[in-house]
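Student: Handing you a structure now.
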Amino acid sequence: MKYVDEFRRKDLAQKLAADIKREADPDRSYNVMEFCGGHTHAIFRYGVQDLMPDNVRFVHGPGCPVCVLPIPRIDAAIELATRHNVILCTYGDLMRVPASKKNSLIKAKAAGADVRMIYSTQDALTIARDTPDRQVVFFSLGFETTTPPTAVALKQARAEGLKNFSVFCNHVLTPAAIQHILQSPELRELGQVSIDGFLGPSHVSSIIGSQPYDFFAEEFQKPVVIAGFEPLDVMQSTLMLIRQVNQGRFEVENEYTRVVTRQGNEKAKALMAEVFDLRRSFEWRGLGEVPYSALKINESYADLDAELRFEVTKSTGTDVKGCECPAILRGVKRPTDCKLFGTVCTPDNPQGSCMVSSEGSCAAYWSYGRFRMDRIREAAE
Ligand code: SF4
């Protein structure tokens, strides 16, 4: 197949649905965690869950970088923009994520802070070049996919001698989060959700390759299939997982061979290794502190680290009362389990990160209308 339309063909989807129905053992259930928010959106946008038999269920994971950023990090960014009077540059999704005290970056901007939405790290560098009398901080976040461009920006700033540019680094790592989920007592011992296998991330894996997943496939005896973002990718990968489960295998398989290799992108990995070190621990919304799950700017680029250049206090802000984002990000609740979903919390009035981000589970449940009318009816009764 060459064109994206071919990965959405109805006849092939029907054939895959029939294969899944035939091969799924009716005497057991299959809980498949899709790590990425991109997969969650593909599942709801194209109605993939509706094509599955009742015993094949998708469990939504924490693979939305905006969603997993905890409130203290957003509070810190707001503090950079307000107390330190910097030009704070970041991607659009983050602007509306609720911080503590009902604040957000966009509200801080409305109140006078210089917060600017950018499309790439290059935009932040351009702003720094154009305003040499102001400090410019790039609020960077994301999984391994968005980390190499941050590394490039740091190298460029160093090469150009840009003294007014720095990075507030919030890059996180996928394998550590998956391992943490598998070790979670909530999932392992209490048996709230037993995950039978993972749909591995697409874009992240294009950088890190399929090899890093070997450890926990082996250690935790869970199959992983790296899946593309189109509906046929998700369905084909689900079929591959079901086959592994049925055959008692726990291997890393790669459905997304048109992009992902075993070793990944060596150039991008070398760039990351040159500029970043592992953090000993980092807080994730929903998962808490996860050891070795994030990156910090290393010593050789320390002068471009906003956390060292500016004094930032660690807030104790917590999620809005009633918001179930933490449990949703752990895969133990669904957006419709949240009493605020579709009533108080909508994309126009988000109460939690999962409703803001274009990769968030709550946004997926709401955006494609599958649960919207139910909630509107319930609220009217
Ligand atoms: S619906 Fe809103 S309040 Fe509820 S979990 Fe999702 S983001 Fe949080």
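So you can find residues: chains in the structure tokens are A, B, ... in the order shown, residues in each start at 1, and ligands are numbered from 1 in order.
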Would you mind listing, for every residue of segment 136-166 of chain A within 9 Å of segment 112-126 of chain A, the two atoms forming the shortest contact and the distance between them in Å to one decimal, using only C-alpha atoms, sorted by chain and ascending residue number, as a tab-separated table?

Tutor:
residue	atom	partner	partner_atom	distance
A:Val136	CA	A:Ala124	CA	7.4
A:Val137	CA	A:Ala124	CA	7.9
A:Phe138	CA	A:Ala124	CA	6.3
A:Ser140	CA	A:Thr121	CA	8.6
A:Pro149	CA	A:Thr121	CA	6.6
A:Thr150	CA	A:Thr121	CA	6.4
A:Val152	CA	A:Thr121	CA	8.4
A:Ala153	CA	A:Thr121	CA	6.1
A:Gln156	CA	A:Leu125	CA	8.4
A:Ala157	CA	A:Leu125	CA	7.3
A:Leu162	CA	A:Leu125	CA	8.6
A:Phe165	CA	A:Leu125	CA	7.3

Student: Can you pull out every residue with an atom within 6 Å of ligand 1? Use only C-alpha atoms and all ligand atoms and format it as a PyMOL selection string.

Tutor: chain A and resi 323-325+335+338+340-341+345+350-355+362

Student: I want to know what sits within 8 Å of segment 68-83 of chain A, based on only C-alpha atoms, with residues of the same chain fewer than 3 positions away left out; could you give that as a PDB file with C-alpha atoms, in the first residue's frame?

Tutor:
ATOM      1  CA  PRO A  62      -0.550   7.447  29.210  1.00  0.00           C
ATOM      2  CA  GLY A  63       0.961   8.196  25.803  1.00  0.00           C
ATOM      3  CA  CYS A  64      -0.220  11.784  25.526  1.00  0.00           C
ATOM      4  CA  PRO A  65       2.700  14.027  26.503  1.00  0.00           C
ATOM      5  CA  VAL A  86      10.483  35.908  30.143  1.00  0.00           C
ATOM      6  CA  ILE A  87       8.969  35.314  26.707  1.00  0.00           C
ATOM      7  CA  LEU A  88       7.676  31.780  27.190  1.00  0.00           C
ATOM      8  CA  PRO A  98      -5.430  23.745  33.640  1.00  0.00           C
ATOM      9  CA  ALA A  99      -2.758  24.668  36.167  1.00  0.00           C
ATOM     10  CA  SER A 100      -3.410  25.160  39.862  1.00  0.00           C
ATOM     11  CA  SER A 104      -3.415  28.230  32.649  1.00  0.00           C
ATOM     12  CA  LEU A 105      -0.840  29.593  30.265  1.00  0.00           C
ATOM     13  CA  ALA A 108      -1.631  34.096  32.225  1.00  0.00           C
ATOM     14  CA  ALA A 113       2.339  37.482  30.564  1.00  0.00           C
ATOM     15  CA  ASP A 114       4.293  37.146  27.323  1.00  0.00           C
ATOM     16  CA  VAL A 115       3.359  33.567  26.381  1.00  0.00           C
ATOM     17  CA  PHE A 139       8.850  25.146  27.320  1.00  0.00           C
ATOM     18  CA  PHE A 168      12.583  24.384  30.297  1.00  0.00           C
ATOM     19  CA  ASN A 170      10.068  18.251  30.185  1.00  0.00           C
ATOM     20  CA  GLU A 283       6.654  13.135  38.182  1.00  0.00           C
ATOM     21  CA  TRP A 284       3.970  12.061  35.692  1.00  0.00           C
ATOM     22  CA  ARG A 285       0.338  13.029  36.083  1.00  0.00           C
ATOM     23  CA  GLY A 286      -1.425   9.835  37.069  1.00  0.00           C
ATOM     24  CA  PHE A 310      15.966  30.991  36.781  1.00  0.00           C
ATOM     25  CA  VAL A 312      11.521  28.315  40.003  1.00  0.00           C
ATOM     26  CA  THR A 313       9.533  27.138  43.012  1.00  0.00           C
ATOM     27  CA  LYS A 314       7.905  23.687  43.031  1.00  0.00           C
ATOM     28  CA  SER A 315       4.183  24.137  43.486  1.00  0.00           C
ATOM     29  CA  THR A 316       1.961  21.671  45.289  1.00  0.00           C
ATOM     30  CA  GLY A 317      -0.933  22.175  42.859  1.00  0.00           C
ATOM     31  CA  THR A 318      -3.240  19.214  42.300  1.00  0.00           C
ATOM     32  CA  ASP A 319      -5.873  18.241  39.749  1.00  0.00           C
ATOM     33  CA  LEU A 329      -3.833   7.819  32.379  1.00  0.00           C
ATOM     34  CA  SER A 353      -5.392  17.806  30.534  1.00  0.00           C
TER      35      SER A 353
END

Student: Identify all residues of segment 240-335 of chain A in strand (DSSP E) (DSSP on the backbone) and supply them as a ChimeraX atom specification.

Tutor: /A:252-254,276-278,281-284,288-291,295-297

Student: Show me, as JSON, numbers by chain, the residues that have an atom within 9 Å of Glu307 of chain A when counting only C-alpha atoms, minus same-chain residues fewer than 6 positions from it.

Tutor: {"A": [166, 167, 168, 169]}

Student: Quick check for you: according to DSSP on this backbone, which residues of segment 115-339 of chain A are classed as alpha helix (DSSP H)? Reply as an NGL selection string.

Tutor: :A and (121-130 or 147-160 or 174-183 or 185-188 or 203-208 or 214-219 or 231-247 or 266-275 or 306-309 or 325-329)
